[in-house]
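Undergrad: Contents of final17.cif (mmCIF, C-alpha atoms) are below:
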```cif
data_upload
loop_
_atom_site.label_atom_id
_atom_site.label_comp_id
_atom_site.auth_asym_id
_atom_site.auth_seq_id
_atom_site.Cartn_x
_atom_site.Cartn_y
_atom_site.Cartn_z
CA MET A 1 145.39 -22.67 -204.07
CA THR A 2 144.80 -18.90 -204.14
CA ASP A 3 142.36 -16.89 -206.23
CA TYR A 4 144.50 -14.31 -208.05
CA LEU A 5 141.67 -12.69 -210.02
CA THR A 6 142.31 -9.00 -209.35
CA LYS A 7 139.88 -6.13 -209.78
CA GLY A 8 141.92 -5.01 -212.76
CA ALA A 9 141.68 -8.43 -214.39
CA SER A 10 137.94 -8.55 -213.74
CA ALA A 11 137.56 -5.11 -215.30
CA TYR A 12 139.54 -6.27 -218.30
CA ILE A 13 137.19 -9.24 -218.74
CA ASP A 14 134.29 -6.80 -218.69
CA LYS A 15 136.03 -4.68 -221.33
CA ILE A 16 136.52 -7.59 -223.73
CA VAL A 17 133.00 -8.90 -223.13
CA ALA A 18 131.67 -5.44 -224.00
CA LEU A 19 133.75 -5.39 -227.18
CA CYS A 20 132.29 -8.76 -228.17
CA GLY A 21 128.85 -7.21 -227.73
CA THR A 22 125.79 -8.78 -229.34
CA ALA A 23 127.78 -9.81 -232.41
CA HIS A 24 129.92 -12.40 -230.62
CA PRO A 25 128.21 -13.61 -227.43
CA GLU A 26 129.88 -17.05 -227.64
CA TRP A 27 133.32 -15.46 -227.71
CA ALA A 28 132.40 -13.35 -224.70
CA GLU A 29 131.15 -16.28 -222.65
CA THR A 30 134.17 -18.46 -223.37
CA PHE A 31 136.62 -15.58 -222.86
CA ALA A 32 135.13 -14.65 -219.47
CA LEU A 33 135.39 -18.26 -218.30
CA THR A 34 138.83 -19.09 -219.61
CA TYR A 35 140.54 -15.78 -218.80
CA ALA A 36 139.44 -16.00 -215.17
CA ASP A 37 140.12 -19.73 -214.89
CA THR A 38 143.92 -19.57 -214.90
CA LEU A 39 144.03 -16.86 -212.23
CA LYS A 40 141.44 -18.61 -210.07
CA HIS A 41 142.48 -22.25 -210.42
CA ALA A 42 146.00 -22.69 -211.83
CA LEU A 43 148.19 -20.55 -209.55
CA VAL A 44 149.65 -21.78 -206.27
CA GLU A 45 151.47 -19.56 -203.79
CA ASP A 46 155.11 -20.59 -203.38
CA GLY A 47 156.47 -18.56 -200.50
CA THR A 48 156.43 -14.77 -200.60
CA SER A 49 158.21 -14.21 -203.90
CA ARG A 50 157.16 -17.05 -206.23
CA ILE A 51 154.00 -18.54 -207.74
CA PHE A 52 153.77 -22.06 -209.14
CA VAL A 53 151.60 -22.54 -212.23
CA LEU A 54 149.66 -25.75 -212.86
CA THR A 55 149.41 -26.63 -216.53
CA GLY A 56 145.87 -27.86 -215.90
CA ASP A 57 144.89 -31.47 -215.33
CA ILE A 58 148.55 -32.50 -214.83
CA PRO A 59 149.92 -31.30 -211.45
CA ALA A 60 153.16 -29.86 -212.84
CA MET A 61 154.54 -26.58 -214.15
CA TRP A 62 155.91 -26.45 -217.68
CA GLN A 63 158.28 -23.60 -218.49
CA ARG A 64 156.64 -23.16 -221.90
CA ASP A 65 153.02 -23.50 -220.81
CA SER A 66 153.37 -21.12 -217.87
CA THR A 67 154.66 -18.35 -220.13
CA ALA A 68 151.74 -18.78 -222.53
CA GLN A 69 149.37 -18.90 -219.55
CA MET A 70 150.62 -15.49 -218.37
CA ARG A 71 151.01 -13.63 -221.68
CA PRO A 72 147.38 -12.41 -221.97
CA TYR A 73 147.61 -10.83 -218.52
CA LEU A 74 150.44 -8.52 -219.61
CA VAL A 75 148.03 -6.05 -221.19
CA PRO A 76 145.94 -5.26 -218.09
CA ALA A 77 149.11 -5.53 -215.95
CA ARG A 78 150.23 -2.28 -217.56
CA THR A 79 147.82 -0.46 -215.22
CA ASP A 80 147.17 -3.14 -212.54
CA PRO A 81 150.10 -3.37 -210.09
CA GLU A 82 148.52 -6.29 -208.22
CA LEU A 83 148.31 -8.35 -211.41
CA ALA A 84 151.85 -7.31 -212.31
CA ASP A 85 153.01 -8.60 -208.91
CA THR A 86 151.44 -11.97 -209.71
CA ILE A 87 153.20 -12.22 -213.07
CA GLU A 88 156.52 -11.22 -211.52
CA LYS A 89 156.23 -14.02 -208.97
CA VAL A 90 155.59 -16.50 -211.79
CA ILE A 91 158.71 -15.23 -213.55
CA ASN A 92 160.71 -15.69 -210.34
CA ARG A 93 159.55 -19.30 -210.14
CA GLN A 94 160.45 -19.93 -213.79
CA PHE A 95 164.02 -18.80 -213.27
CA PHE A 96 164.22 -20.71 -209.98
CA ASN A 97 163.31 -23.77 -212.04
CA MET A 98 165.83 -22.98 -214.77
CA ALA A 99 168.66 -22.43 -212.32
CA MET A 100 167.88 -25.76 -210.68
CA ASP A 101 168.06 -27.72 -213.93
CA PRO A 102 168.15 -26.03 -217.35
CA TYR A 103 167.59 -29.38 -219.07
CA ALA A 104 164.23 -30.02 -217.38
CA ASN A 105 160.96 -29.10 -219.06
CA ALA A 106 158.47 -29.55 -216.19
CA PHE A 107 158.70 -29.13 -212.43
CA ASN A 108 156.92 -30.11 -209.24
CA GLN A 109 155.50 -27.60 -206.79
CA SER A 110 157.92 -28.85 -204.14
CA ALA A 111 160.57 -31.54 -203.77
CA ASN A 112 157.85 -34.19 -203.65
CA ASN A 113 159.29 -36.78 -206.08
CA ALA A 114 156.17 -36.61 -208.28
CA GLY A 115 156.35 -37.27 -212.00
CA HIS A 116 158.71 -39.47 -213.99
CA GLN A 117 161.27 -40.35 -211.35
CA THR A 118 162.17 -43.68 -213.00
CA ASP A 119 163.48 -42.07 -216.20
CA LYS A 120 167.12 -42.79 -216.92
CA THR A 121 168.53 -39.28 -216.63
CA THR A 122 169.71 -36.98 -213.84
CA MET A 123 166.51 -36.47 -211.85
CA ASN A 124 165.87 -34.77 -208.55
CA PRO A 125 162.70 -34.53 -206.40
CA TRP A 126 161.75 -31.12 -207.84
CA ILE A 127 161.59 -32.34 -211.43
CA TRP A 128 158.40 -33.74 -212.98
CA GLU A 129 160.08 -34.49 -216.29
CA ARG A 130 163.54 -33.92 -217.76
CA LYS A 131 162.96 -33.95 -221.50
CA TYR A 132 165.29 -31.31 -222.89
CA GLU A 133 163.42 -28.81 -225.05
CA LEU A 134 165.24 -25.67 -226.19
CA ASP A 135 162.01 -23.68 -225.96
CA SER A 136 161.90 -24.35 -222.19
CA LEU A 137 164.86 -21.97 -221.98
CA CYS A 138 163.41 -19.49 -224.45
CA TYR A 139 159.89 -19.00 -223.13
CA PRO A 140 160.75 -17.64 -219.64
CA VAL A 141 163.09 -15.10 -221.26
CA GLN A 142 160.28 -14.03 -223.57
CA LEU A 143 157.94 -13.49 -220.62
CA ALA A 144 160.58 -11.58 -218.64
CA TYR A 145 161.30 -9.37 -221.64
CA LEU A 146 157.64 -8.68 -222.44
CA PHE A 147 156.91 -8.04 -218.77
CA TRP A 148 159.59 -5.34 -218.79
CA LYS A 149 158.28 -3.82 -222.01
CA ASN A 150 154.62 -3.87 -220.92
CA THR A 151 155.01 -2.69 -217.32
CA GLY A 152 158.36 -0.92 -217.20
CA ARG A 153 159.44 -3.10 -214.27
CA THR A 154 163.00 -4.39 -214.02
CA SER A 155 163.02 -5.85 -210.50
CA HIS A 156 162.67 -9.38 -211.92
CA PHE A 157 166.12 -9.05 -213.51
CA ASN A 158 167.56 -10.06 -210.16
CA ALA A 159 170.32 -12.37 -208.92
CA GLY A 160 168.17 -15.45 -209.50
CA PHE A 161 167.57 -14.37 -213.08
CA GLU A 162 171.29 -13.93 -213.69
CA VAL A 163 172.15 -17.34 -212.26
CA ALA A 164 169.57 -18.97 -214.51
CA ILE A 165 170.79 -17.09 -217.59
CA GLU A 166 174.31 -18.38 -217.00
CA LYS A 167 172.86 -21.92 -217.09
CA LEU A 168 170.91 -21.07 -220.25
CA VAL A 169 174.03 -19.91 -222.07
CA GLN A 170 175.99 -22.94 -220.92
CA VAL A 171 173.37 -25.37 -222.21
CA ILE A 172 172.67 -23.67 -225.55
CA THR A 173 176.42 -23.49 -226.18
CA ALA A 174 177.07 -27.08 -225.09
CA GLU A 175 174.32 -28.35 -227.37
CA GLN A 176 175.99 -26.77 -230.40
CA ASP A 177 178.26 -29.82 -230.08
CA HIS A 178 175.84 -32.47 -228.90
CA ALA A 179 178.38 -35.28 -229.33
CA HIS A 180 180.07 -33.97 -226.17
CA SER A 181 176.90 -33.08 -224.25
CA PRO A 182 176.41 -34.22 -220.64
CA TYR A 183 172.69 -34.81 -221.32
CA SER A 184 171.06 -38.16 -221.95
CA PHE A 185 167.52 -39.45 -221.52
CA GLU A 186 165.81 -42.83 -221.71
CA ARG A 187 162.32 -43.96 -220.71
CA THR A 188 160.95 -47.47 -220.83
CA GLY A 189 157.42 -47.84 -222.16
CA ASP A 190 155.29 -48.43 -225.20
CA ARG A 191 155.75 -45.04 -226.91
CA PRO A 192 159.04 -44.71 -228.80
CA GLU A 193 158.36 -40.94 -228.92
CA ASP A 194 159.00 -40.79 -225.16
CA THR A 195 162.67 -41.75 -225.31
CA LEU A 196 165.86 -40.89 -227.18
CA ILE A 197 167.63 -43.47 -229.31
CA ASP A 198 170.61 -44.75 -227.29
CA GLY A 199 169.78 -42.02 -224.78
CA VAL A 200 171.19 -39.26 -227.00
CA GLY A 201 169.16 -39.32 -230.23
CA ARG A 202 170.30 -39.75 -233.82
CA PRO A 203 173.71 -38.35 -234.81
CA VAL A 204 173.93 -34.70 -235.85
CA ALA A 205 176.66 -32.61 -237.45
CA LYS A 206 177.99 -29.41 -235.91
CA THR A 207 176.13 -26.60 -237.66
CA GLY A 208 176.12 -23.59 -235.33
CA MET A 209 172.56 -24.47 -234.35
CA SER A 210 171.71 -25.83 -230.90
CA TRP A 211 170.51 -29.41 -230.47
CA ASN A 212 167.06 -30.14 -229.05
CA GLY A 213 166.01 -33.54 -227.69
CA PHE A 214 162.25 -33.18 -227.62
CA ARG A 215 159.58 -31.16 -229.38
CA PRO A 216 157.19 -28.84 -227.52
CA SER A 217 154.75 -31.77 -227.61
CA ASP A 218 157.23 -33.63 -225.35
CA ASP A 219 157.73 -36.15 -228.18
CA ALA A 220 161.29 -36.97 -229.24
CA CYS A 221 162.72 -35.14 -232.23
CA VAL A 222 163.48 -37.28 -235.27
CA TYR A 223 166.41 -35.00 -236.17
CA GLY A 224 168.05 -32.98 -233.44
CA TYR A 225 167.90 -29.46 -234.82
CA LEU A 226 164.34 -28.22 -234.41
CA ILE A 227 164.20 -25.18 -236.67
CA PRO A 228 161.34 -23.28 -234.95
CA SER A 229 163.07 -23.55 -231.57
CA ASN A 230 166.41 -22.44 -233.00
CA LEU A 231 164.82 -19.38 -234.60
CA PHE A 232 163.05 -18.65 -231.31
CA ALA A 233 166.41 -18.92 -229.54
CA VAL A 234 167.88 -16.32 -231.90
CA GLU A 235 165.10 -13.92 -230.90
CA ILE A 236 165.41 -14.42 -227.14
CA LEU A 237 169.21 -14.21 -227.21
CA ARG A 238 168.84 -10.78 -228.79
CA HIS A 239 166.34 -9.90 -226.07
CA LEU A 240 168.96 -10.92 -223.52
CA ALA A 241 171.55 -8.72 -225.22
CA GLU A 242 169.15 -5.78 -224.83
CA ILE A 243 168.38 -6.63 -221.19
CA TYR A 244 172.05 -6.97 -220.22
CA SER A 245 173.07 -3.83 -222.09
CA ASP A 246 170.20 -1.49 -221.22
CA VAL A 247 169.05 -2.72 -217.80
CA LEU A 248 171.87 -4.64 -216.14
CA HIS A 249 174.66 -2.57 -217.77
CA GLN A 250 176.76 -5.65 -218.33
CA PRO A 251 178.56 -6.97 -221.42
CA ALA A 252 176.11 -8.45 -223.91
CA GLU A 253 178.31 -9.53 -226.82
CA ARG A 254 178.11 -13.24 -225.99
CA PHE A 255 174.35 -13.25 -226.53
CA THR A 256 174.67 -11.57 -229.91
CA TYR A 257 177.52 -13.90 -230.94
CA LEU A 258 175.48 -16.98 -230.05
CA ALA A 259 172.38 -15.63 -231.81
CA ASN A 260 174.37 -14.93 -234.96
CA ALA A 261 175.90 -18.41 -234.97
CA ILE A 262 172.52 -20.09 -234.66
CA GLU A 263 170.96 -17.82 -237.28
CA ALA A 264 173.75 -18.64 -239.73
CA GLY A 265 173.23 -22.34 -239.08
CA VAL A 266 169.53 -22.07 -239.85
CA ALA A 267 170.27 -20.13 -243.02
CA ARG A 268 172.71 -22.80 -244.21
CA TYR A 269 171.00 -26.00 -243.07
CA GLY A 270 167.43 -25.15 -242.06
CA THR A 271 165.64 -24.70 -245.38
CA THR A 272 164.39 -27.09 -248.02
CA THR A 273 161.86 -26.96 -250.86
CA ASN A 274 158.18 -27.85 -251.07
CA LYS A 275 156.55 -29.79 -253.90
CA ALA A 276 156.21 -26.56 -255.88
CA GLY A 277 159.96 -26.01 -255.65
CA GLU A 278 159.66 -23.01 -253.30
CA SER A 279 162.16 -22.46 -250.52
CA ILE A 280 160.62 -23.25 -247.11
CA TYR A 281 161.79 -23.82 -243.56
CA ALA A 282 162.28 -27.46 -242.63
CA PHE A 283 160.79 -28.59 -239.33
CA GLU A 284 163.81 -30.60 -238.20
CA VAL A 285 167.24 -31.27 -239.71
CA ASP A 286 170.40 -33.06 -238.64
CA GLY A 287 173.03 -31.14 -240.63
CA LEU A 288 173.85 -34.38 -242.43
CA GLY A 289 171.32 -33.94 -245.22
CA ASN A 290 168.18 -35.25 -243.53
CA GLN A 291 165.16 -32.96 -243.18
CA LEU A 292 161.47 -33.13 -242.25
CA VAL A 293 158.79 -31.27 -244.19
CA MET A 294 155.96 -30.99 -241.65
CA ASP A 295 154.68 -28.92 -238.78
CA ASP A 296 153.37 -29.86 -235.35
CA ALA A 297 150.51 -28.13 -233.51
CA ASN A 298 152.63 -27.34 -230.47
CA VAL A 299 154.39 -23.98 -230.20
CA PRO A 300 157.10 -23.10 -231.08
CA ASN A 301 156.32 -24.43 -234.52
CA LEU A 302 156.87 -23.10 -238.02
CA LEU A 303 153.39 -21.60 -238.16
CA ALA A 304 154.10 -19.51 -235.05
CA LEU A 305 157.37 -17.91 -236.17
CA PRO A 306 155.95 -14.36 -236.61
CA TYR A 307 153.95 -14.69 -233.37
CA LEU A 308 157.22 -15.48 -231.58
CA GLY A 309 158.94 -12.51 -233.22
CA ALA A 310 161.36 -14.84 -235.00
CA VAL A 311 160.51 -13.86 -238.61
CA ALA A 312 158.37 -11.24 -240.32
CA GLU A 313 154.87 -12.19 -241.50
CA ASP A 314 155.81 -11.24 -245.05
CA ASP A 315 159.14 -13.09 -245.06
CA PRO A 316 159.03 -14.98 -248.40
CA ILE A 317 160.32 -18.23 -246.91
CA TYR A 318 157.72 -18.03 -244.13
CA VAL A 319 154.92 -17.25 -246.59
CA ALA A 320 155.79 -20.35 -248.63
CA THR A 321 156.24 -22.41 -245.47
CA ARG A 322 152.84 -21.35 -244.14
CA LYS A 323 151.14 -22.31 -247.40
CA THR A 324 152.86 -25.70 -247.30
CA ILE A 325 152.11 -26.64 -243.70
CA LEU A 326 148.48 -25.54 -243.95
CA SER A 327 147.96 -28.11 -246.69
CA THR A 328 148.01 -31.85 -247.14
CA GLU A 329 151.72 -31.61 -247.89
CA ASN A 330 152.01 -31.54 -244.09
CA PRO A 331 151.17 -35.07 -242.82
CA TYR A 332 149.72 -33.55 -239.64
CA TYR A 333 147.26 -31.20 -241.33
CA TYR A 334 143.72 -32.47 -240.96
CA ALA A 335 140.42 -31.29 -242.42
CA GLY A 336 136.89 -32.46 -241.69
CA THR A 337 133.33 -31.48 -240.88
CA TYR A 338 134.32 -29.40 -237.82
CA GLY A 339 137.34 -27.59 -239.13
CA GLN A 340 140.83 -27.87 -240.50
CA GLY A 341 144.24 -27.22 -239.04
CA LEU A 342 147.34 -28.65 -237.46
CA GLY A 343 147.38 -31.77 -235.35
CA SER A 344 150.27 -33.66 -233.83
CA PRO A 345 151.71 -37.17 -233.64
CA HIS A 346 151.29 -36.65 -229.88
CA THR A 347 147.52 -37.08 -230.27
CA PRO A 348 145.37 -39.33 -232.49
CA ALA A 349 145.13 -38.79 -236.24
CA GLU A 350 142.35 -36.41 -237.36
CA TYR A 351 142.60 -34.40 -234.11
CA ILE A 352 143.32 -30.69 -234.58
CA TRP A 353 144.58 -28.44 -231.81
CA PRO A 354 142.91 -25.21 -230.63
CA ILE A 355 146.40 -23.88 -229.81
CA ALA A 356 147.39 -24.21 -233.46
CA LYS A 357 144.12 -22.64 -234.62
CA ALA A 358 144.74 -19.69 -232.31
CA VAL A 359 148.27 -19.31 -233.69
CA GLU A 360 146.88 -19.48 -237.22
CA GLY A 361 144.70 -16.51 -236.34
CA LEU A 362 147.43 -14.63 -234.49
CA THR A 363 149.73 -14.89 -237.52
CA SER A 364 147.04 -13.81 -240.02
CA THR A 365 146.58 -10.23 -241.21
CA ASP A 366 142.96 -10.96 -242.24
CA ARG A 367 140.50 -9.88 -239.53
CA GLU A 368 137.70 -11.94 -241.10
CA ALA A 369 139.92 -15.02 -240.97
CA LYS A 370 140.58 -14.37 -237.28
CA ALA A 371 136.83 -14.14 -236.64
CA ALA A 372 136.17 -17.38 -238.50
CA ILE A 373 138.77 -19.16 -236.39
CA LEU A 374 137.25 -17.81 -233.17
CA ASP A 375 133.81 -18.97 -234.33
CA SER A 376 135.18 -22.46 -234.97
CA LEU A 377 136.92 -22.59 -231.59
CA VAL A 378 133.81 -21.73 -229.57
CA ALA A 379 131.77 -24.20 -231.65
CA THR A 380 134.04 -27.17 -230.86
CA THR A 381 134.31 -27.17 -227.05
CA ALA A 382 131.75 -29.97 -226.71
CA GLY A 383 129.67 -27.67 -224.51
CA THR A 384 132.44 -27.16 -221.94
CA LYS A 385 133.23 -23.54 -222.97
CA MET A 386 136.88 -24.49 -222.49
CA MET A 387 139.63 -25.23 -225.00
CA HIS A 388 141.07 -28.73 -225.15
CA GLU A 389 144.36 -30.17 -226.32
CA GLY A 390 142.93 -31.65 -229.52
CA TYR A 391 139.54 -32.65 -230.90
CA ASN A 392 138.30 -34.98 -233.62
CA VAL A 393 137.45 -33.03 -236.77
CA GLU A 394 134.40 -35.24 -237.27
CA ASP A 395 133.22 -35.28 -233.64
CA PRO A 396 134.35 -32.55 -231.21
CA THR A 397 132.95 -34.52 -228.26
CA GLN A 398 136.02 -36.71 -228.75
CA TYR A 399 138.84 -34.62 -227.31
CA THR A 400 141.99 -34.85 -225.20
CA ARG A 401 142.75 -32.93 -221.98
CA GLU A 402 139.72 -31.88 -219.97
CA TRP A 403 141.55 -28.87 -218.50
CA PHE A 404 144.40 -27.38 -220.50
CA SER A 405 145.19 -23.84 -219.39
CA TRP A 406 147.69 -23.16 -222.19
CA ALA A 407 144.99 -23.75 -224.81
CA ASN A 408 142.50 -21.59 -222.90
CA MET A 409 144.88 -18.66 -222.81
CA MET A 410 145.81 -18.94 -226.48
CA PHE A 411 142.11 -18.54 -227.26
CA CYS A 412 142.03 -15.48 -225.02
CA GLU A 413 145.05 -13.98 -226.72
CA LEU A 414 143.40 -14.34 -230.13
CA VAL A 415 140.21 -12.65 -228.89
CA MET A 416 142.33 -9.81 -227.54
CA ASP A 417 144.29 -9.58 -230.77
CA TYR A 418 141.05 -9.35 -232.77
CA PHE A 419 140.14 -6.24 -230.81
CA GLY A 420 143.62 -4.70 -231.13
CA GLU A 421 144.79 -5.66 -227.64
CA ASN A 422 148.17 -7.09 -228.55
CA VAL A 423 150.79 -8.16 -226.00
CA ASN A 424 153.59 -7.32 -228.44
CA ASP A 425 152.44 -3.72 -229.01
CA VAL A 426 154.83 -2.26 -226.48
CA LYS A 427 157.26 0.61 -226.19
CA ASP A 428 160.84 0.16 -227.37
#
```
Take the structure I supplied and represent it as structure tokens, if you would.

TA:
Amino acid sequence: MTDYLTKGASAYIDKIVALCGTAHPEWAETFALTYADTLKHALVEDGTSRIFVLTGDIPAMWQRDSTAQMRPYLVPARTDPELADTIEKVINRQFFNMAMDPYANAFNQSANNAGHQTDKTTMNPWIWERKYELDSLCYPVQLAYLFWKNTGRTSHFNAGFEVAIEKLVQVITAEQDHAHSPYSFERTGDRPEDTLIDGVGRPVAKTGMSWNGFRPSDDACVYGYLIPSNLFAVEILRHLAEIYSDVLHQPAERFTYLANAIEAGVARYGTTTNKAGESIYAFEVDGLGNQLVMDDANVPNLLALPYLGAVAEDDPIYVATRKTILSTENPYYYAGTYGQGLGSPHTPAEYIWPIAKAVEGLTSTDREAKAAILDSLVATTAGTKMMHEGYNVEDPTQYTREWFSWANMMFCELVMDYFGENVNDVKD
């Protein structure tokens, strides 16, 4: 394992610590620890052109997590070529993974047969887990796009990138008609959330949307069209249209066509009403009339839609959705002595997630609300000064995941956002 903490990254830590000043010493201490931690402890050299990213206390690389782990470094990478080199090598590894198997969500460092090799699906020694999650295709594209916009670099749009994007298009298109999909997945065990019914999930109608087997929590979807992931896919497909048109000078119409089809499907099938009768986004639907009114702490979720660039913060449907999911109308919204926010069926009841609290802050326009969330996050680390997966709202010493780099970096991104250091504030 290599220490990738550059001088530029160290200077950036000093900058944020100085901005925290005497008003927010707890933010400063936790930011300095967590921002450095991913660069010092989660990155593994993978040849000369790639870097493998550990998610934390699980020795695997998730496509989603690794993007979120890198996002906060994009700001100092604008002026730190060494840090930019590191991010580019992570991007190269992400698209290496995608080209190998676009249906897999998590990968091994090498072909070492680690992970869930007994699952009933098409495994190979490089794959840790092969739960198909649409966001595993979306997140690396988001990082590649934001890397271009923040640094001006285009060298990562290479042959490996193009091979992977062909696989991405094939899978998203195939899963618009899941009844004829080549993908299936079954796992034996005690958790029904870890497997798909009959290996393929519940039936879905053709809607224009793209089917998704598992949520970002790695739990199985109840209904196959996960609305947050489909809206995220619309956004990244439009990013791809821009990349292919402006950088690669290749035809881009297929990306726009696919984005429009998915967007129309969401518009027709992806909304429902809350108890007040307001139009809101459903969490999952099947196109056959079944819908879930809920939200899960893992991103992409409904709460995160503006953060992902998928909808505007003032979109009326989003505003009503946000009010609904941050209330007891959402069965996974918990409130207690040490806070309130989104939890997940992936973790015990009454556990809220720092990731979701960070997203709540990142999608708020109220600076005081952001500060209150940051105060709550640093007060619930159980003395570790690190973010966890989830913690008990009545006792933060009860938590899951000792080391969870994704959660750490979401906290960092919210601190940065509070001080106006936003990854998305980039040139067009």

Undergrad: Kindly provide, as a ChimeraX atom specification, the polymer residues lying within 12 Å of (165.2, -20.0, -232.8), counting only C-alpha atoms and using the coordinates exactly as they appear in the file.

TA: /A:133-139,172,208-212,225-238,258-267,270,281,283-284,299-302,304-306,308-311

Undergrad: Kindly give the distance, in Å, that separates CA of Gly289 (chain A) and CA of Gly213 (chain A), rounded to a single decimal.

TA: 18.3 Å

Undergrad: Looking at A:His239, A:Arg130, A:Lys15, A:Arg254, which one is nearest to Thr173 (chain A), with distances taken over only C-alpha atoms?

TA: A:Arg254

Undergrad: Could you give me, as a ChimeraX atom specification, the residues within 10 Å of Asn424 (chain A), counting all atoms listed in the file and dropping anything in the same chain fewer than 6 positions from it?

TA: /A:71,74-75,146,149-150,307-309,417

Undergrad: Could you work out how far CA of Ala369 (chain A) lies from CA of Val393 (chain A), giving the answer in Å with one decimal?

TA: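 CA of Ala369 (chain A) lies at a distance of 18.7 Å from CA of Val393 (chain A).
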
Undergrad: So which one's closest to Met409 (chain A), A:Leu19, A:Thr67, A:Ser10, A:Gly343? Using only C-alpha atoms, please.

TA: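 Using only C-alpha atoms, the shortest distance to Met409 (chain A) belongs to A:Thr67.
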
Undergrad: Please enumerate the residues selected by the PyMOL selection byres ((chain A and resi 362) around 9) when evaluated against the supplied file, formatted as a CSV table (one decimal) with C-alpha atoms, in the coordinates of the input.

TA:
```csv
chain,number,residue,atom,x,y,z
A,304,ALA,CA,154.1,-19.5,-235.0
A,306,PRO,CA,156.0,-14.4,-236.6
A,307,TYR,CA,154.0,-14.7,-233.4
A,357,LYS,CA,144.1,-22.6,-234.6
A,358,ALA,CA,144.7,-19.7,-232.3
A,359,VAL,CA,148.3,-19.3,-233.7
A,360,GLU,CA,146.9,-19.5,-237.2
A,361,GLY,CA,144.7,-16.5,-236.3
A,363,THR,CA,149.7,-14.9,-237.5
A,364,SER,CA,147.0,-13.8,-240.0
A,365,THR,CA,146.6,-10.2,-241.2
A,370,LYS,CA,140.6,-14.4,-237.3
A,413,GLU,CA,145.0,-14.0,-226.7
A,414,LEU,CA,143.4,-14.3,-230.1
A,417,ASP,CA,144.3,-9.6,-230.8
A,418,TYR,CA,141.0,-9.4,-232.8
```

Undergrad: Measuring between all atoms listed in the file, which one of A:Ala252, A:Ala241, A:Ala9, A:Ile325 shows the shortest distance to Arg78 (chain A)?

TA: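 The shortest atom-to-atom distance to Arg78 (chain A) comes from A:Ala9.
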
Undergrad: Using the chain letters and numbers from this file, what does the PyMOL selection byres ((chain A and resi 272) around 8) select? Give the answer as a PyMOL selection string.

TA: chain A and resi 270-271+273-274+279-282+291+293

Undergrad: Do you know which residues are at most 7 Å from Met386 (chain A) counting all atoms listed in the file, after dropping those on the same chain fewer than 5 positions away, and could you put them as a ChimeraX atom specification?

TA: /A:30,34,381,408

Undergrad: Choose the residue, out of A:Trp27, A:Tyr4, A:Tyr334, A:Phe404, that has the smallest atom-to-atom separation from Ser376 (chain A); count only C-alpha atoms.

TA: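 Checking each candidate against Ser376 (chain A), we get A:Trp27 as the closest.
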
Undergrad: Write out as a PyMOL selection string which residues come within 8 Å of region 99-106 of chain A when counting only C-alpha atoms, dropping same-chain ones fewer than 5 positions away.

TA: chain A and resi 60-64+127-133+136-137+160+163-165+167-168+171+183

Undergrad: With C-alpha atoms retained, export the selected residues as a JSON list (two decimals), in the frame of the given file.

TA:
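That gives us result-v7.json:
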```json
[["chain", "number", "residue", "atom", "x", "y", "z"],
["A", 60, "ALA", "CA", 153.16, -29.86, -212.84],
["A", 61, "MET", "CA", 154.54, -26.58, -214.15],
["A", 62, "TRP", "CA", 155.91, -26.45, -217.68],
["A", 63, "GLN", "CA", 158.28, -23.60, -218.49],
["A", 64, "ARG", "CA", 156.64, -23.16, -221.90],
["A", 127, "ILE", "CA", 161.59, -32.34, -211.43],
["A", 128, "TRP", "CA", 158.40, -33.74, -212.98],
["A", 129, "GLU", "CA", 160.08, -34.49, -216.29],
["A", 130, "ARG", "CA", 163.54, -33.92, -217.76],
["A", 131, "LYS", "CA", 162.96, -33.95, -221.50],
["A", 132, "TYR", "CA", 165.29, -31.31, -222.89],
["A", 133, "GLU", "CA", 163.42, -28.81, -225.05],
["A", 136, "SER", "CA", 161.90, -24.35, -222.19],
["A", 137, "LEU", "CA", 164.86, -21.97, -221.98],
["A", 160, "GLY", "CA", 168.17, -15.45, -209.50],
["A", 163, "VAL", "CA", 172.15, -17.34, -212.26],
["A", 164, "ALA", "CA", 169.57, -18.97, -214.51],
["A", 165, "ILE", "CA", 170.79, -17.09, -217.59],
["A", 167, "LYS", "CA", 172.86, -21.92, -217.09],
["A", 168, "LEU", "CA", 170.91, -21.07, -220.25],
["A", 171, "VAL", "CA", 173.37, -25.37, -222.21],
["A", 183, "TYR", "CA", 172.69, -34.81, -221.32]]
```

Undergrad: Using all atoms listed in the file, which protein or nucleic acid residues come within 8 Å of Arg93 (chain A)? Drop anything in the same chain fewer than 3 positions from it, and give the result as JSON, numbers by chain.

TA: {"A": [50, 51, 52, 89, 90, 96, 97]}

Undergrad: Restricted to C-alpha atoms, what would the selected residues look like written as an mmCIF file, in the frame of the given file?

TA:
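Result saved to again-v9.cif:
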```cif
data_model
loop_
_atom_site.group_PDB
_atom_site.id
_atom_site.type_symbol
_atom_site.label_atom_id
_atom_site.label_comp_id
_atom_site.auth_asym_id
_atom_site.auth_seq_id
_atom_site.Cartn_x
_atom_site.Cartn_y
_atom_site.Cartn_z
ATOM 1 C CA ARG A 50 157.160 -17.050 -206.230
ATOM 2 C CA ILE A 51 154.000 -18.540 -207.740
ATOM 3 C CA PHE A 52 153.770 -22.060 -209.140
ATOM 4 C CA LYS A 89 156.230 -14.020 -208.970
ATOM 5 C CA VAL A 90 155.590 -16.500 -211.790
ATOM 6 C CA PHE A 96 164.220 -20.710 -209.980
ATOM 7 C CA ASN A 97 163.310 -23.770 -212.040
#
```

Undergrad: For CA of Thr321 (chain A) and CA of Asn298 (chain A), quote the distance in Å rounded to one decimal.

TA: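 Going from CA of Thr321 (chain A) over to CA of Asn298 (chain A) covers 16.2 Å.
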